[in-house]
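Below you'll find the structure, written out as structure tokens, and then a few comments.
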Amino acid sequence: MRLTEQQIMQIKAVVSAELGSQATVTLFGSRQRDNVRGGDIDLLVSSTNEINQPALVAARLEAKIIQRIGIQKIDVLLQAPNLQRSAIHQIAAKGIPL
């Protein structure tokens with residue numbers, strides 16, 4: 001996995017502050033493989049609570065994570081009981097839990 005322990009701690013802290021301690025984060029995509037260079041940070045953020053205004057929540061998470069770990073391309077995919085799931089959610093769920 002190509003994230004430092006410090007980056008993982010910061011990501012989890014942001015998600016917990018925004019969505020509560022029950023929210024989980026899974027890394028998926030190219031950053032989960034050590035032998036691949038570059039790539040953005042793809043995160044599946046799962047909540048047991050409903051998420052209202054998911055686009056705003058995802059953008060806020062991305063912005064706050066960038067503030068903490070520095071400028072990087074970050075994509076946040078949200079999963080919650082009130083949000084529709086798609087094929088990418090199944091792929092993301094096979095990632096590495098942070």
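Starting from 1 in every chain, residues are counted up; chains themselves are A, B, ... following the order of the structure tokens, and ligands are numbered from 1 as listed.
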
Next on the checklist: What's around segment 15-27 of chain A at 10 Å? Count only C-alpha atoms, leave out sequence neighbours fewer than 3 positions away in its own chain, and write the answer as a ChimeraX atom specification.
Outcome noted: /A:1-3,8,10-12,30-32,41-51,57,60-62,64-65,76-80,92-98

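Taking atom CA of Gln72 of chain A and atom CA of Arg85 of chain A as the two end points, the separation is 25.9 Å.
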
Checklist entry - Using the chain letters and numbers from this document, which residues of chain A does DSSP assign to helix (DSSP H, G or I), as JSON, numbers by chain? => result {"A": [5, 6, 7, 8, 9, 10, 11, 12, 13, 14, 15, 16, 17, 18, 19, 30, 31, 32, 54, 55, 56, 57, 58, 59, 60, 61, 62, 63, 64, 65, 66, 67, 68, 69, 87, 88, 89, 90, 91, 92, 93]}

Mind writing the picked residues with C-alpha atoms as an mmCIF file, in the first residue's frame?
data_model
loop_
_atom_site.group_PDB
_atom_site.id
_atom_site.type_symbol
_atom_site.label_atom_id
_atom_site.label_comp_id
_atom_site.auth_asym_id
_atom_site.auth_seq_id
_atom_site.Cartn_x
_atom_site.Cartn_y
_atom_site.Cartn_z
ATOM 1 C CA GLU A 5 1.008 5.700 8.514
ATOM 2 C CA GLN A 6 0.699 9.467 8.990
ATOM 3 C CA GLN A 7 -1.474 9.795 5.862
ATOM 4 C CA ILE A 8 -3.688 6.926 7.026
ATOM 5 C CA MET A 9 -4.129 8.513 10.451
ATOM 6 C CA GLN A 10 -5.035 11.873 8.919
ATOM 7 C CA ILE A 11 -7.532 10.344 6.476
ATOM 8 C CA LYS A 12 -9.235 8.369 9.242
ATOM 9 C CA ALA A 13 -9.339 11.434 11.509
ATOM 10 C CA VAL A 14 -11.056 13.530 8.840
ATOM 11 C CA VAL A 15 -13.616 10.828 8.070
ATOM 12 C CA SER A 16 -14.351 10.271 11.751
ATOM 13 C CA ALA A 17 -14.772 14.007 12.387
ATOM 14 C CA GLU A 18 -17.130 14.404 9.430
ATOM 15 C CA LEU A 19 -19.161 11.185 9.552
ATOM 16 C CA SER A 30 -3.600 1.776 -7.918
ATOM 17 C CA ARG A 31 -2.411 3.043 -4.531
ATOM 18 C CA GLN A 32 -3.047 -0.351 -2.946
ATOM 19 C CA PRO A 54 -23.407 13.271 -0.841
ATOM 20 C CA ALA A 55 -21.646 15.432 -3.441
ATOM 21 C CA LEU A 56 -21.028 18.120 -0.834
ATOM 22 C CA VAL A 57 -19.878 15.574 1.737
ATOM 23 C CA ALA A 58 -17.452 13.937 -0.719
ATOM 24 C CA ALA A 59 -16.033 17.323 -1.756
ATOM 25 C CA ARG A 60 -15.622 18.389 1.869
ATOM 26 C CA LEU A 61 -13.841 15.128 2.728
ATOM 27 C CA GLU A 62 -11.499 15.516 -0.239
ATOM 28 C CA ALA A 63 -10.690 19.134 0.674
ATOM 29 C CA LYS A 64 -10.048 18.388 4.348
ATOM 30 C CA ILE A 65 -7.867 15.379 3.555
ATOM 31 C CA ILE A 66 -5.811 17.505 1.160
ATOM 32 C CA GLN A 67 -5.395 20.124 3.888
ATOM 33 C CA ARG A 68 -3.982 17.457 6.172
ATOM 34 C CA ILE A 69 -1.781 15.381 3.853
ATOM 35 C CA ALA A 87 -20.481 -1.770 -9.796
ATOM 36 C CA ILE A 88 -17.625 0.448 -8.569
ATOM 37 C CA HIS A 89 -18.769 -0.105 -4.977
ATOM 38 C CA GLN A 90 -18.195 -3.866 -5.360
ATOM 39 C CA ILE A 91 -14.710 -3.240 -6.740
ATOM 40 C CA ALA A 92 -13.873 -0.713 -4.027
ATOM 41 C CA ALA A 93 -15.069 -3.016 -1.246
#

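Atom CA of Ser86 of chain A to atom CA of Asn52 of chain A spans 17.9 Å [interatomic distance, one decimal].
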
Checklist entry - In Å to one decimal, how far is atom CA of Asn82 of chain A from atom CA of Asp40 of chain A? => result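 The value is 26.7 Å.
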